[in-house]
>>> print(open('query30.tsv').read())   # TSV, C-alpha atoms and all ligand atoms
chain	number	residue	atom	x	y	z
A	10	THR	CA	-3.03	28.67	-24.62
A	11	LEU	CA	-4.14	25.71	-22.53
A	12	PRO	CA	-2.22	24.63	-19.43
A	13	ARG	CA	0.32	21.93	-20.17
A	14	VAL	CA	0.05	18.68	-18.24
A	15	TYR	CA	2.50	15.80	-18.13
A	16	VAL	CA	1.20	12.35	-17.21
A	17	THR	CA	4.05	10.09	-16.12
A	18	ARG	CA	2.39	6.75	-16.93
A	19	GLN	CA	-0.25	5.32	-19.23
A	20	ILE	CA	-3.05	5.49	-16.68
A	21	PRO	CA	-6.32	3.48	-16.89
A	22	PRO	CA	-8.81	4.73	-19.51
A	23	GLU	CA	-11.30	6.51	-17.21
A	24	GLY	CA	-8.83	9.16	-16.18
A	25	LEU	CA	-7.43	9.71	-19.65
A	26	ARG	CA	-10.94	10.08	-21.02
A	27	LEU	CA	-11.72	12.79	-18.46
A	28	LEU	CA	-8.55	14.68	-19.28
A	29	HIS	CA	-9.20	14.56	-23.04
A	30	LYS	CA	-12.90	15.32	-22.70
A	31	SER	CA	-12.25	18.39	-20.52
A	32	GLY	CA	-10.69	20.29	-23.41
A	33	GLN	CA	-9.02	22.12	-20.57
A	34	VAL	CA	-5.45	20.90	-20.88
A	35	GLN	CA	-2.72	20.22	-23.37
A	36	LEU	CA	-1.73	16.61	-22.63
A	37	GLU	CA	1.67	15.06	-22.83
A	38	LEU	CA	2.08	11.44	-21.79
A	39	TRP	CA	4.62	8.79	-21.07
A	40	ASP	CA	2.79	6.28	-23.18
A	41	SER	CA	3.68	3.01	-21.48
A	42	ASP	CA	2.37	1.06	-18.51
A	43	ASP	CA	5.17	-1.50	-18.63
A	44	VAL	CA	8.12	0.73	-17.90
A	45	PRO	CA	8.30	3.93	-15.88
A	46	VAL	CA	9.55	7.06	-17.58
A	47	PRO	CA	13.34	7.17	-17.17
A	48	ARG	CA	14.33	9.84	-14.69
A	49	LYS	CA	16.41	11.78	-17.21
A	50	GLU	CA	13.54	11.89	-19.65
A	51	LEU	CA	11.11	12.88	-16.89
A	52	LEU	CA	13.31	15.81	-15.89
A	53	GLN	CA	13.28	16.97	-19.53
A	54	ARG	CA	9.57	16.43	-20.11
A	55	VAL	CA	8.35	18.37	-17.08
A	56	LYS	CA	10.04	21.62	-18.11
A	57	GLY	CA	7.46	24.38	-18.01
A	58	VAL	CA	4.41	22.23	-17.28
A	59	ASP	CA	1.47	23.62	-15.28
A	60	GLY	CA	0.32	20.26	-13.97
A	61	LEU	CA	1.76	16.87	-13.29
A	62	LEU	CA	-0.10	13.58	-12.86
A	63	CYS	CA	2.13	10.88	-11.44
A	64	VAL	CA	2.10	7.41	-9.92
A	65	LEU	CA	4.01	6.09	-6.92
A	66	THR	CA	7.13	5.11	-8.88
A	67	GLU	CA	8.00	8.76	-9.46
A	68	LYS	CA	10.00	10.46	-6.76
A	69	VAL	CA	8.72	14.03	-6.56
A	70	ASP	CA	11.55	15.95	-4.95
A	71	ALA	CA	13.29	19.32	-5.20
A	72	GLU	CA	15.21	18.18	-8.29
A	73	LEU	CA	12.03	17.33	-10.18
A	74	LEU	CA	10.18	20.45	-9.03
A	75	ASP	CA	13.14	22.62	-10.03
A	76	ALA	CA	13.23	20.92	-13.41
A	77	ALA	CA	9.52	21.68	-13.86
A	78	GLY	CA	9.93	25.32	-12.92
A	79	PRO	CA	7.59	28.00	-11.59
A	80	ASN	CA	4.62	27.23	-13.85
A	81	LEU	CA	3.87	24.04	-11.92
A	82	LYS	CA	0.73	24.66	-9.86
A	83	VAL	CA	-0.78	21.23	-9.39
A	84	LEU	CA	0.51	17.77	-8.62
A	85	SER	CA	-1.91	14.86	-8.68
A	86	THR	CA	-0.79	11.41	-7.66
A	87	MET	CA	-2.77	8.29	-8.57
A	88	SER	CA	-2.21	6.70	-5.16
A	89	VAL	CA	-3.38	6.89	-1.60
A	90	GLY	CA	0.20	6.82	-0.35
A	91	TYR	CA	2.31	9.93	-0.71
A	92	ASP	CA	5.66	8.92	0.71
A	93	HIS	CA	7.09	9.40	-2.81
A	94	LEU	CA	6.31	13.11	-2.56
A	95	ASN	CA	8.42	15.66	-0.74
A	96	LEU	CA	5.57	17.61	0.84
A	97	GLU	CA	7.84	20.27	2.30
A	98	GLU	CA	9.21	21.16	-1.14
A	99	LEU	CA	5.72	21.14	-2.63
A	100	LYS	CA	4.42	23.41	0.11
A	101	LYS	CA	7.34	25.79	-0.26
A	102	ARG	CA	6.42	26.24	-3.91
A	103	GLY	CA	2.69	26.63	-3.25
A	104	ILE	CA	1.84	23.58	-5.34
A	105	HIS	CA	-1.57	22.00	-4.75
A	106	VAL	CA	-1.43	18.28	-4.18
A	107	GLY	CA	-4.14	15.69	-4.86
A	108	TYR	CA	-4.24	11.98	-4.03
A	109	THR	CA	-6.71	9.08	-4.22
A	110	PRO	CA	-7.90	7.80	-0.83
A	111	ASP	CA	-11.25	6.02	-0.25
A	112	VAL	CA	-11.80	4.73	-3.79
A	113	LEU	CA	-9.29	1.93	-3.17
A	114	THR	CA	-10.31	0.95	0.36
A	115	ASP	CA	-12.50	-2.01	-0.67
A	116	ALA	CA	-9.94	-3.44	-3.08
A	117	VAL	CA	-7.07	-3.12	-0.61
A	118	ALA	CA	-9.11	-4.66	2.21
A	119	GLU	CA	-10.13	-7.59	-0.02
A	120	LEU	CA	-6.55	-8.25	-1.08
A	121	THR	CA	-5.33	-8.00	2.50
A	122	VAL	CA	-7.82	-10.65	3.59
A	123	ALA	CA	-6.83	-12.81	0.61
A	124	LEU	CA	-3.14	-12.45	1.45
A	125	LEU	CA	-3.79	-13.17	5.12
A	126	LEU	CA	-5.63	-16.41	4.38
A	127	THR	CA	-3.12	-17.38	1.70
A	128	THR	CA	-0.36	-16.99	4.24
A	129	SER	CA	-2.06	-18.50	7.29
A	130	ARG	CA	-3.42	-21.55	5.40
A	131	ARG	CA	-0.24	-21.94	3.33
A	132	LEU	CA	-2.04	-21.91	-0.01
A	133	ILE	CA	0.98	-21.21	-2.25
A	134	GLU	CA	2.96	-24.05	-0.65
A	135	ALA	CA	-0.06	-26.37	-0.79
A	136	ALA	CA	-0.85	-25.71	-4.46
A	137	HIS	CA	2.82	-26.24	-5.28
A	138	GLU	CA	2.87	-29.58	-3.44
A	139	ALA	CA	-0.29	-30.77	-5.19
A	140	LYS	CA	1.15	-29.93	-8.59
A	141	THR	CA	4.67	-31.26	-8.10
A	142	GLY	CA	4.16	-34.68	-6.57
A	143	GLY	CA	4.36	-33.83	-2.87
A	144	TRP	CA	0.81	-35.05	-2.26
A	145	GLY	CA	1.65	-38.58	-1.17
A	146	THR	CA	-1.43	-39.18	0.95
A	147	TRP	CA	-3.85	-37.27	3.15
A	148	ARG	CA	-1.84	-36.55	6.27
A	149	THR	CA	-2.95	-35.40	9.70
A	150	LEU	CA	-0.58	-32.48	10.28
A	151	TRP	CA	0.68	-31.84	6.76
A	152	LEU	CA	0.35	-28.20	5.63
A	153	CYS	CA	-1.42	-27.20	8.82
A	154	GLY	CA	-1.76	-23.50	9.42
A	155	TYR	CA	-3.59	-21.11	11.69
A	156	GLU	CA	-7.24	-20.09	11.76
A	157	LEU	CA	-8.99	-16.80	12.27
A	158	ALA	CA	-11.72	-18.26	14.45
A	159	ASN	CA	-11.13	-17.23	18.08
A	160	SER	CA	-8.04	-15.25	17.13
A	161	THR	CA	-6.89	-11.78	18.09
A	162	VAL	CA	-6.25	-9.51	15.13
A	163	GLY	CA	-3.98	-6.50	15.64
A	164	ILE	CA	-3.96	-3.47	13.39
A	165	LEU	CA	-0.92	-1.23	13.29
A	166	GLY	CA	-2.23	2.17	12.19
A	167	LEU	CA	-6.01	2.33	12.27
A	168	GLY	CA	-7.44	4.24	9.34
A	169	ARG	CA	-10.09	3.63	6.71
A	170	ILE	CA	-8.27	0.59	5.37
A	171	GLY	CA	-7.71	-1.01	8.77
A	172	VAL	CA	-11.40	-0.64	9.57
A	173	ALA	CA	-12.38	-2.14	6.21
A	174	ILE	CA	-10.09	-5.12	6.84
A	175	ALA	CA	-11.54	-5.70	10.31
A	176	GLU	CA	-15.11	-5.50	8.97
A	177	ARG	CA	-14.27	-8.27	6.52
A	178	LEU	CA	-12.48	-10.42	9.08
A	179	ALA	CA	-15.16	-10.20	11.77
A	180	PRO	CA	-17.44	-12.80	10.06
A	181	PHE	CA	-14.54	-15.27	10.33
A	182	LYS	CA	-15.27	-15.25	14.07
A	183	VAL	CA	-12.28	-13.21	15.17
A	184	ARG	CA	-12.45	-13.00	18.96
A	185	LYS	CA	-10.92	-9.60	19.45
A	186	PHE	CA	-9.60	-6.64	17.48
A	187	ILE	CA	-6.84	-4.49	18.93
A	188	TYR	CA	-4.96	-1.60	17.38
A	189	THR	CA	-2.27	0.90	18.01
A	190	ASP	CA	-1.64	4.32	16.54
A	191	VAL	CA	-0.05	7.60	17.64
A	192	ALA	CA	-3.28	8.27	19.55
A	193	PRO	CA	-6.58	6.43	20.07
A	194	ARG	CA	-9.06	6.78	17.22
A	195	PRO	CA	-12.34	6.13	19.05
A	196	GLU	CA	-14.65	6.97	16.15
A	197	LEU	CA	-12.99	4.46	13.83
A	198	ALA	CA	-12.40	1.90	16.58
A	199	LYS	CA	-16.05	1.92	17.66
A	200	ALA	CA	-17.18	0.67	14.25
A	201	ILE	CA	-15.15	-2.52	14.69
A	202	ASN	CA	-15.17	-2.74	18.47
A	203	ALA	CA	-11.37	-2.52	18.61
A	204	GLU	CA	-9.37	-1.90	21.74
A	205	TYR	CA	-6.50	0.60	21.80
A	206	VAL	CA	-3.27	-0.95	23.07
A	207	SER	CA	0.42	-0.11	23.18
A	208	MET	CA	2.78	-1.29	20.46
A	209	ASP	CA	4.12	-3.82	22.94
A	210	GLU	CA	0.70	-5.26	23.67
A	211	LEU	CA	-0.10	-5.32	19.97
A	212	ALA	CA	2.96	-7.47	19.35
A	213	LYS	CA	2.29	-9.73	22.32
A	214	GLN	CA	-1.43	-10.34	21.81
A	215	SER	CA	-1.88	-10.47	18.04
A	216	ASP	CA	-2.33	-13.81	16.31
A	217	PHE	CA	-2.52	-11.82	13.09
A	218	LEU	CA	-0.80	-8.45	12.85
A	219	ALA	CA	-1.81	-6.31	9.89
A	220	VAL	CA	0.18	-3.20	9.07
A	221	CYS	CA	-2.12	-0.45	7.79
A	222	CYS	CA	-0.19	2.73	8.53
A	223	ALA	CA	1.32	5.29	6.19
A	224	LEU	CA	5.09	5.39	5.70
A	225	THR	CA	6.46	8.47	7.46
A	226	PRO	CA	9.73	9.24	9.23
A	227	GLU	CA	7.99	8.02	12.43
A	228	THR	CA	6.91	4.67	10.97
A	229	ASN	CA	10.10	3.98	9.01
A	230	LYS	CA	11.21	0.42	9.93
A	231	ILE	CA	9.04	0.30	13.07
A	232	CYS	CA	8.44	-3.37	12.42
A	233	ASP	CA	11.84	-4.55	13.55
A	234	ARG	CA	13.58	-7.16	15.68
A	235	ASN	CA	12.17	-5.57	18.80
A	236	LEU	CA	8.59	-6.02	17.57
A	237	PHE	CA	9.04	-9.49	16.08
A	238	SER	CA	10.75	-10.75	19.24
A	239	LYS	CA	7.62	-9.93	21.26
A	240	MET	CA	5.25	-11.67	18.86
A	241	LYS	CA	4.01	-15.22	19.35
A	242	LYS	CA	5.75	-18.05	17.51
A	243	THR	CA	2.37	-18.83	15.98
A	244	SER	CA	1.61	-15.33	14.76
A	245	ILE	CA	1.24	-14.11	11.19
A	246	PHE	CA	2.53	-10.75	9.97
A	247	ILE	CA	0.77	-9.04	7.05
A	248	ASN	CA	1.88	-5.85	5.32
A	249	THR	CA	-0.11	-4.11	2.59
A	250	SER	CA	1.04	-0.57	3.39
A	251	ARG	CA	4.63	0.23	2.43
A	252	GLY	CA	7.76	-1.89	2.54
A	253	GLY	CA	9.61	0.88	4.34
A	254	VAL	CA	7.76	0.24	7.61
A	255	VAL	CA	9.56	-3.09	7.91
A	256	ASN	CA	13.17	-3.85	8.69
A	257	GLN	CA	13.47	-6.68	6.17
A	258	GLU	CA	16.67	-8.15	7.61
A	259	ASP	CA	14.92	-8.43	10.97
A	260	LEU	CA	11.84	-9.95	9.34
A	261	TYR	CA	14.00	-12.50	7.54
A	262	GLU	CA	15.58	-13.45	10.83
A	263	ALA	CA	12.21	-13.74	12.60
A	264	LEU	CA	10.82	-15.95	9.81
A	265	SER	CA	13.86	-18.16	9.37
A	266	THR	CA	14.34	-18.79	13.08
A	267	GLY	CA	10.67	-19.47	13.78
A	268	GLN	CA	10.22	-16.39	15.93
A	269	ILE	CA	6.96	-15.81	14.05
A	270	ALA	CA	5.04	-18.30	11.91
A	271	ALA	CA	4.72	-16.55	8.58
A	272	ALA	CA	4.49	-13.26	6.71
A	273	GLY	CA	2.48	-12.01	3.77
A	274	LEU	CA	3.84	-8.94	2.04
A	275	ASP	CA	2.35	-6.92	-0.80
A	276	VAL	CA	5.05	-4.28	-0.47
A	277	THR	CA	8.82	-4.46	-0.15
A	278	VAL	CA	12.01	-2.44	-0.37
A	279	PRO	CA	13.00	-2.16	-3.12
A	280	GLU	CA	10.19	-2.75	-5.58
A	281	PRO	CA	10.54	-4.94	-7.49
A	282	LEU	CA	12.26	-7.09	-4.87
A	283	PRO	CA	15.19	-8.82	-6.65
A	284	THR	CA	14.33	-12.45	-7.38
A	285	ASN	CA	17.47	-13.57	-5.51
A	286	HIS	CA	16.39	-11.80	-2.30
A	287	PRO	CA	16.63	-14.06	0.81
A	288	LEU	CA	12.92	-13.52	1.62
A	289	PHE	CA	12.04	-15.39	-1.58
A	290	THR	CA	13.80	-18.50	-0.27
A	291	LEU	CA	11.40	-18.82	2.68
A	292	LYS	CA	8.35	-21.07	2.39
A	293	ASN	CA	6.66	-19.11	5.17
A	294	CYS	CA	6.85	-15.80	3.33
A	295	VAL	CA	4.31	-14.93	0.64
A	296	ILE	CA	5.34	-11.97	-1.50
A	297	LEU	CA	3.05	-10.19	-3.94
A	298	PRO	CA	4.09	-7.46	-6.41
A	299	HIS	CA	2.22	-4.48	-4.86
A	300	ILE	CA	-1.25	-5.34	-6.19
A	301	ALA	CA	-3.55	-4.45	-3.30
A	302	SER	CA	-5.55	-1.86	-5.27
A	303	ALA	CA	-5.32	-3.79	-8.53
A	304	SER	CA	-8.92	-4.37	-9.57
A	305	TYR	CA	-10.20	-2.90	-12.84
A	306	THR	CA	-12.90	-0.96	-11.00
A	307	THR	CA	-10.56	0.52	-8.43
A	308	ARG	CA	-7.69	1.39	-10.76
A	309	ASN	CA	-10.15	3.17	-13.05
A	310	ALA	CA	-11.65	5.00	-10.09
A	311	MET	CA	-8.18	6.05	-8.93
A	312	SER	CA	-7.35	7.23	-12.43
A	313	ALA	CA	-10.59	9.24	-12.64
A	314	LEU	CA	-10.08	10.79	-9.20
A	315	ALA	CA	-6.49	11.72	-10.03
A	316	ALA	CA	-7.69	13.34	-13.28
A	317	ASN	CA	-10.48	15.24	-11.52
A	318	ASN	CA	-8.14	16.46	-8.78
A	319	LEU	CA	-5.77	17.73	-11.46
A	320	LEU	CA	-8.46	19.50	-13.50
A	321	LEU	CA	-9.99	21.14	-10.40
A	322	GLY	CA	-6.58	22.23	-9.17
A	323	LEU	CA	-5.71	23.81	-12.50
A	324	ARG	CA	-8.99	25.77	-12.39
A	325	GLY	CA	-8.07	26.99	-8.93
A	326	GLU	CA	-10.95	25.10	-7.34
A	327	PRO	CA	-10.77	22.80	-4.30
A	328	MET	CA	-9.80	19.25	-5.24
A	329	ILE	CA	-12.08	16.31	-4.43
A	330	LYS	CA	-9.20	14.82	-2.42
A	331	GLY	CA	-6.49	17.35	-1.73
A	332	LEU	CA	-3.71	17.16	0.82
A	333	LYS	CA	-3.51	19.91	3.40
A	334	LEU	CA	0.13	20.89	3.34
B	1	LIG	C1	-0.75	2.12	-3.46
B	1	LIG	O1	0.14	1.62	-2.85
B	1	LIG	C2	-1.21	3.46	-3.26
B	1	LIG	O2	-0.59	4.21	-2.50
B	1	LIG	O3	-2.23	3.83	-3.87
B	2	LIG	C1	-11.61	-34.09	5.73
B	2	LIG	O1	-11.75	-34.12	4.52
B	2	LIG	C2	-12.37	-34.86	6.64
B	2	LIG	O2	-13.24	-35.65	6.19
B	2	LIG	O3	-12.17	-34.71	7.85
>>> encode(input="query30.tsv", output="structure tokens")
Amino acid sequence: TLPRVYVTRQIPPEGLRLLHKSGQVQLELWDSDDVPVPRKELLQRVKGVDGLLCVLTEKVDAELLDAAGPNLKVLSTMSVGYDHLNLEELKKRGIHVGYTPDVLTDAVAELTVALLLTTSRRLIEAAHEAKTGGWGTWRTLWLCGYELANSTVGILGLGRIGVAIAERLAPFKVRKFIYTDVAPRPELAKAINAEYVSMDELAKQSDFLAVCCALTPETNKICDRNLFSKMKKTSIFINTSRGGVVNQEDLYEALSTGQIAAAGLDVTVPEPLPTNHPLFTLKNCVILPHIASASYTTRNAMSALAANNLLLGLRGEPMIKGLKL
């Protein structure tokens, strides 16, 4: 009999087509994109499966892996981030893990630039004013923001995405790129002529600070009061990585007291962020519902890569993008 695979979300068509076409697996799906599979149902559905294809809303922990049982050989997540996976538990069980880097880099970089400009030039506020009667006359300092020309852009966590963002920002006449990471990354930095600095210097020098690191125990809430207090009052904070890297109470304080100028967030804790959250009351905070990779092309590519990783893993072959555990 064919290996059984559970897919925890209605994924974009490219990936589903590959799974069906392969004739290699017996597919079971949570057939909705609008609601995640309830945890209780998930724990039931994974019993005895050989493969699991999930998205970032599913916490893959010991409980889930125990519920699946010893047949589970392959886990494929349709995401570049893997902070929802307990890698230690996966490793212990010898489960092969696939993820979807690279195919989303362009989409995430584009969205990050869009969010940065939306935040720095106050586009949401401005459009709201135009529509609701606030546009009394052309005014000299009304809705003024900050420009990229001659600015210093700081990248917290330089990887593929950080480089792609810097490449797109350079034509805006950014004066200088700086970055910090656990260690210098000269190969990546060379491509964008970025200087390695300490976390302190990153905070002090950046006019725009873009968070591009993965969420790990080391990066959990590293953007906190200490960081914000060293930033310029005119600086803009942008996060398209994971909400967990930010201490949101500290960010609220920094934004509401004018310690920094504004923030653009594509990610929060929790997700969705409750509509009554204090951050939503701030005009200088733009919050998007985790859409950085949300283009049709990219989501289909992620879906296809996740499907291919799964199929390869089930055949015992190296995945296109596998995690070394
Ligand atoms: C999105 O956040 C991803 O990890 O792919
Ligand atoms: C703006 O529209 C200007 O003419 O300066």
>>> residues_near_ligand(input="query30.tsv", ligand="ligand LIG 2 (chain B)", cutoff="12 Å", atoms="all atoms listed in the file", output="JSON, numbers by chain")
{"A": [147, 148, 149]}
>>> closest_atom_pairs(input="query30.tsv", of="chain A", to="ligand LIG 1 (chain B)", cutoff="9 Å", atoms="all atoms listed in the file", output="JSON lines")
{"residue": "A:Val64", "atom": "CA", "partner": "B:LIG1", "partner_atom": "O3", "distance": 8.3}
{"residue": "A:Leu65", "atom": "CA", "partner": "B:LIG1", "partner_atom": "O2", "distance": 6.7}
{"residue": "A:Thr86", "atom": "CA", "partner": "B:LIG1", "partner_atom": "O3", "distance": 8.6}
{"residue": "A:Met87", "atom": "CA", "partner": "B:LIG1", "partner_atom": "O3", "distance": 6.5}
{"residue": "A:Ser88", "atom": "CA", "partner": "B:LIG1", "partner_atom": "O3", "distance": 3.1}
{"residue": "A:Val89", "atom": "CA", "partner": "B:LIG1", "partner_atom": "O2", "distance": 4.0}
{"residue": "A:Gly90", "atom": "CA", "partner": "B:LIG1", "partner_atom": "O2", "distance": 3.5}
{"residue": "A:Tyr91", "atom": "CA", "partner": "B:LIG1", "partner_atom": "O2", "distance": 6.7}
{"residue": "A:Asp92", "atom": "CA", "partner": "B:LIG1", "partner_atom": "O2", "distance": 8.5}
{"residue": "A:Tyr108", "atom": "CA", "partner": "B:LIG1", "partner_atom": "O3", "distance": 8.4}
{"residue": "A:Thr109", "atom": "CA", "partner": "B:LIG1", "partner_atom": "O3", "distance": 6.9}
{"residue": "A:Pro110", "atom": "CA", "partner": "B:LIG1", "partner_atom": "O3", "distance": 7.6}
{"residue": "A:Leu113", "atom": "CA", "partner": "B:LIG1", "partner_atom": "O3", "distance": 7.3}
{"residue": "A:Val117", "atom": "CA", "partner": "B:LIG1", "partner_atom": "C1", "distance": 8.7}
{"residue": "A:Ala223", "atom": "CA", "partner": "B:LIG1", "partner_atom": "O2", "distance": 9.0}
{"residue": "A:Thr249", "atom": "CA", "partner": "B:LIG1", "partner_atom": "O1", "distance": 7.9}
{"residue": "A:Ser250", "atom": "CA", "partner": "B:LIG1", "partner_atom": "O1", "distance": 6.7}
{"residue": "A:Arg251", "atom": "CA", "partner": "B:LIG1", "partner_atom": "O1", "distance": 7.1}
{"residue": "A:Val276", "atom": "CA", "partner": "B:LIG1", "partner_atom": "O1", "distance": 8.0}
{"residue": "A:His299", "atom": "CA", "partner": "B:LIG1", "partner_atom": "O1", "distance": 6.8}
{"residue": "A:Ile300", "atom": "CA", "partner": "B:LIG1", "partner_atom": "O1", "distance": 7.8}
{"residue": "A:Ala301", "atom": "CA", "partner": "B:LIG1", "partner_atom": "O1", "distance": 7.1}
{"residue": "A:Ser302", "atom": "CA", "partner": "B:LIG1", "partner_atom": "C1", "distance": 6.5}
{"residue": "A:Met311", "atom": "CA", "partner": "B:LIG1", "partner_atom": "O3", "distance": 8.1}
>>> atom_distance(input="query30.tsv", atom1="CA of Gly171 (chain A)", atom2="CA of Cys221 (chain A)")
5.7 Å
>>> atom_distance(input="query30.tsv", atom1="CA of Val55 (chain A)", atom2="CA of Leu28 (chain A)")
17.4 Å
>>> residues_around(input="query30.tsv", residues="Asn159 (chain A)", least_positions_apart="4", cutoff="8 Å", atoms="all atoms listed in the file", output="ChimeraX atom specification")
/A:182-185
>>> axis_aligned_box(input="query30.tsv", around="region 136-150 of chain A", padding_each_side="8 Å", output="lines of an AutoDock Vina configuration file")
center_x = 0.4
center_y = -32.4
center_z = 0.8
size_x = 24.5
size_y = 29.5
size_z = 34.9
>>> closest_residue(input="query30.tsv", among="A:Thr277, A:Ile201, A:Asp209, A:Gln214", to="Lys230 (chain A)", atoms="all atoms listed in the file")
A:Thr277
>>> closest_residue(input="query30.tsv", among="A:Gly325, A:Val162, A:Leu320, A:Tyr261", to="Gln35 (chain A)", atoms="all atoms listed in the file")
A:Leu320
>>> closest_residue(input="query30.tsv", among="A:Arg18, A:Phe181, A:Leu120, A:Gly57", to="Val44 (chain A)", atoms="only C-alpha atoms")
A:Arg18
>>> residues_around(input="query30.tsv", residues="Leu332 (chain A)", least_positions_apart="4", cutoff="8 Å", atoms="only C-alpha atoms", output="NGL selection string")
:A and (105-108)
>>> atom_distance(input="query30.tsv", atom1="CA of Glu204 (chain A)", atom2="CA of Thr189 (chain A)")
8.5 Å
>>> closest_residue(input="query30.tsv", among="A:Thr66, A:Leu73, A:Val295, A:Asp190", to="Leu51 (chain A)", atoms="only C-alpha atoms")
A:Leu73
>>> closest_residue(input="query30.tsv", among="A:Val254, A:Val122, A:Cys63, A:Val46", to="Pro226 (chain A)", atoms="all atoms listed in the file")
A:Val254
>>> closest_residue(input="query30.tsv", among="A:Phe217, A:Gly166, A:Arg308, A:Asn293", to="Gln19 (chain A)", atoms="only C-alpha atoms")
A:Arg308
>>> residues_around(input="query30.tsv", residues="Ala77 (chain A)", least_positions_apart="3", cutoff="12 Å", atoms="only C-alpha atoms", output="MDAnalysis selection string")
chainID A and resid 13:15 51:61 69:74 80:84 99 102 104
>>> closest_atom_pairs(input="query30.tsv", of="region 201-272 of chain A", to="region 282-287 of chain A", cutoff="12 Å", atoms="only C-alpha atoms", output="CSV")
residue,atom,partner,partner_atom,distance
A:Gly252,CA,A:Leu282,CA,10.1
A:Gln257,CA,A:Pro287,CA,9.7
A:Glu258,CA,A:Pro287,CA,9.0
A:Asp259,CA,A:Pro287,CA,11.7
A:Leu260,CA,A:Pro287,CA,10.6
A:Tyr261,CA,A:Pro287,CA,7.4
A:Glu262,CA,A:Pro287,CA,10.1
A:Leu264,CA,A:Pro287,CA,10.9
A:Ser265,CA,A:Pro287,CA,9.9
>>> residues_around(input="query30.tsv", residues="Tyr155 (chain A)", least_positions_apart="6", cutoff="9 Å", atoms="all atoms listed in the file", output="PDB file with C-alpha atoms, in the frame of the given file")
ATOM      1  CA  LEU A 126      -5.630 -16.410   4.380  1.00  0.00           C
ATOM      2  CA  SER A 129      -2.060 -18.500   7.290  1.00  0.00           C
ATOM      3  CA  ARG A 130      -3.420 -21.550   5.400  1.00  0.00           C
ATOM      4  CA  ASP A 216      -2.330 -13.810  16.310  1.00  0.00           C
ATOM      5  CA  THR A 243       2.370 -18.830  15.980  1.00  0.00           C
ATOM      6  CA  SER A 244       1.610 -15.330  14.760  1.00  0.00           C
ATOM      7  CA  ILE A 245       1.240 -14.110  11.190  1.00  0.00           C
TER       8      ILE A 245
END
>>> closest_atom_pairs(input="query30.tsv", of="region 73-168 of chain A", to="region 191-194 of chain A", cutoff="12 Å", atoms="only C-alpha atoms", output="tab-separated table")
residue	atom	partner	partner_atom	distance
A:Leu165	CA	A:Val191	CA	9.9
A:Gly166	CA	A:Val191	CA	8.0
A:Leu167	CA	A:Arg194	CA	7.3
A:Gly168	CA	A:Arg194	CA	8.4
